[in-house]
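To keep things clear, I will list the structure first and then write my remarks on it.
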Amino acid sequence: MSVSFPAVRSERDVSRLAQDVFALPARLAESRKRRVVVALDEFQAIGEFNGGSIEHALRAAVQVQRDVGYVFAGSEPTLMERMLGSKRPFYKAGPVIRLDRIPADEFADFIDTRFTRSGLRPEPGLGAAIVELAGNLPYDVQRLAHETWDEVRNGGRRRATLDDLHQAMHRLLAEHQMMFEALWQRLTLAQRGVLRAVVLQEGRGLLSSDARTRHRLGGASSVQYALGSLLRDDLIAREHNRYIVVDSLFREWVARRTF
């Protein structure tokens, strides 16, 4: 399925079309005599469209639609927080909710159950190992679980083991090698050192003299500056009293490929 607008030929046409599209939920709510909810995932990407003008157009439509509720979700915390800044259209547009992690034991039980329902018998502890290795990040957990499932099915087996999990992880790391290597090369030496320390220290005690000496990080101010730059680029995130690497696969790559 594809959508095209052959009559759109100018920026004025684009603007007029955007207004019609964003007004559509309110028209649907009125015609159906019921409330409408619109959920947009990865919403932080909207700033890349048409020089940011789409963000303003959507905000203008949203603020007058009383029978339409909007949920804007995103996986990049820093970019989402910037969208809520005082100079952005969605400043104070509504309540902000930061979702907690899914309880690890419930997520592990869910993974084991899904393996069983598909006809595969998971080794005890497989779901918990997947959740832990993926950092209990929903996207990463589902990706790693799916790749492990594929590993077993493609091998014609009926039992999913921890060895299958590690084989799936090894394959994923190999597939992402070039991308991760390019990302690593873009980092400064200070950023690499701090990122590696985040992995090896599990995100704790990075400013202590012991940690800085062990990982050859330099002064505390240098470490703080590198942490700030990694946070702004959404390579790491702050979680309670520690830092975590946002992409669990990249975290594993850093742990296994750097010394």
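Quick note on naming: the chains in the structure tokens go A, B, ... in the order shown, residues restart at 1 in each chain, and ligands are numbered from 1 in order of appearance.
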
Leaving out region 196-198 of chain A and any residue of its chain fewer than 4 positions from it, which residues lie within 7 Å of it when counting only C-alpha atoms, given as a ChimeraX atom specification? /A:192,202-203,215,243-244,254

I'd like the contact shell of Trp149 (chain A) - 9 Å cut-off, only C-alpha atoms, skipping same-chain residues fewer than 4 positions apart - returned as a ChimeraX atom specification. /A:115,120,144-145,153-154,160,164-165,168

Next, write the just-selected residues to a file, as a CSV table (one decimal), in the first residue's frame, keeping N, CA and C atoms as the atom set.
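That gives us out.csv:
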```csv
chain,number,residue,atom,x,y,z
A,115,PHE,N,7.9,-19.0,24.0
A,115,PHE,CA,8.6,-20.1,23.4
A,115,PHE,C,7.8,-21.4,23.4
A,120,LEU,N,8.4,-24.7,21.1
A,120,LEU,CA,9.8,-24.9,21.5
A,120,LEU,C,9.8,-25.0,23.1
A,144,LEU,N,16.3,-9.9,20.8
A,144,LEU,CA,17.1,-11.1,21.1
A,144,LEU,C,16.3,-12.3,21.3
A,145,ALA,N,15.1,-12.3,21.8
A,145,ALA,CA,14.3,-13.4,21.9
A,145,ALA,C,13.9,-14.0,20.6
A,153,ARG,N,14.7,-22.7,15.5
A,153,ARG,CA,13.9,-23.1,14.4
A,153,ARG,C,14.7,-23.5,13.1
A,154,ASN,N,15.6,-22.6,12.8
A,154,ASN,CA,16.4,-22.8,11.6
A,154,ASN,C,17.3,-24.1,11.8
A,160,ALA,N,15.1,-24.9,23.1
A,160,ALA,CA,15.9,-23.6,23.1
A,160,ALA,C,16.8,-23.6,24.3
A,164,ASP,N,22.0,-21.6,22.4
A,164,ASP,CA,21.3,-20.9,21.2
A,164,ASP,C,21.2,-19.4,21.4
A,165,LEU,N,21.0,-19.0,22.7
A,165,LEU,CA,21.0,-17.6,23.0
A,165,LEU,C,22.3,-16.9,22.6
A,168,ALA,N,22.9,-16.7,18.9
A,168,ALA,CA,22.2,-15.6,18.4
A,168,ALA,C,22.8,-14.2,18.6
```

Members of region 87-175 of chain A assigned helix (DSSP H, G or I) by DSSP, as a PyMOL selection string: chain A and resi 104-117+126-133+138-154+162-175

Can I get the residues of region 103-191 of chain A within 9 Å of region 222-239 of chain A, each with the closest pair of atoms and their distance in Å to one decimal, using only C-alpha atoms, sorted chain first then ascending number, as a Markdown table?
```
| residue | atom | partner | partner_atom | distance |
| --- | --- | --- | --- | --- |
| A:Thr188 | CA | A:Ala226 | CA | 8.8 |
| A:Ala190 | CA | A:Ala226 | CA | 6.4 |
| A:Gln191 | CA | A:Ala226 | CA | 5.2 |
```

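Non-sequential neighbours of Phe110 (chain A) (distance at most 10 Å, separation of 5 or more positions within a chain, only C-alpha atoms) are Ala104, Asp105, Phe115, Thr116, Gly127 and Ala128 of chain A.
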
Mind writing the picked residues with N, CA, C and O atoms as a compact mmCIF listing (two decimals), in the first residue's frame?
```txt
# COMPACT_ATOMS: atom_id res chain seq x y z
N ALA A 104 11.51 -7.62 35.68
CA ALA A 104 12.32 -8.60 34.95
C ALA A 104 11.74 -10.01 35.04
O ALA A 104 11.75 -10.75 34.04
N ASP A 105 11.20 -10.38 36.21
CA ASP A 105 10.67 -11.74 36.34
C ASP A 105 9.43 -11.94 35.48
O ASP A 105 9.24 -13.00 34.88
N PHE A 115 7.87 -18.97 23.96
CA PHE A 115 8.63 -20.07 23.38
C PHE A 115 7.81 -21.36 23.44
O PHE A 115 7.70 -22.10 22.46
N THR A 116 7.23 -21.62 24.60
CA THR A 116 6.46 -22.85 24.80
C THR A 116 5.26 -22.90 23.87
O THR A 116 4.97 -23.94 23.26
N GLY A 127 14.53 -17.36 29.58
CA GLY A 127 13.88 -16.05 29.54
C GLY A 127 14.60 -15.03 30.39
O GLY A 127 14.81 -13.88 29.97
N ALA A 128 15.02 -15.44 31.59
CA ALA A 128 15.74 -14.53 32.48
C ALA A 128 17.07 -14.12 31.87
O ALA A 128 17.49 -12.95 31.99
```

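Shortest atom-to-atom contact with Phe107 (chain A) among A:Arg256, A:Glu48, A:Leu126, A:Ser10: A:Leu126, counting only C-alpha atoms.
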
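Distances to Lys33 (chain A) were evaluated for A:Pro95, A:Asp247, A:His240, A:Asp67 using only C-alpha atoms, and the minimum falls at A:Asp67.
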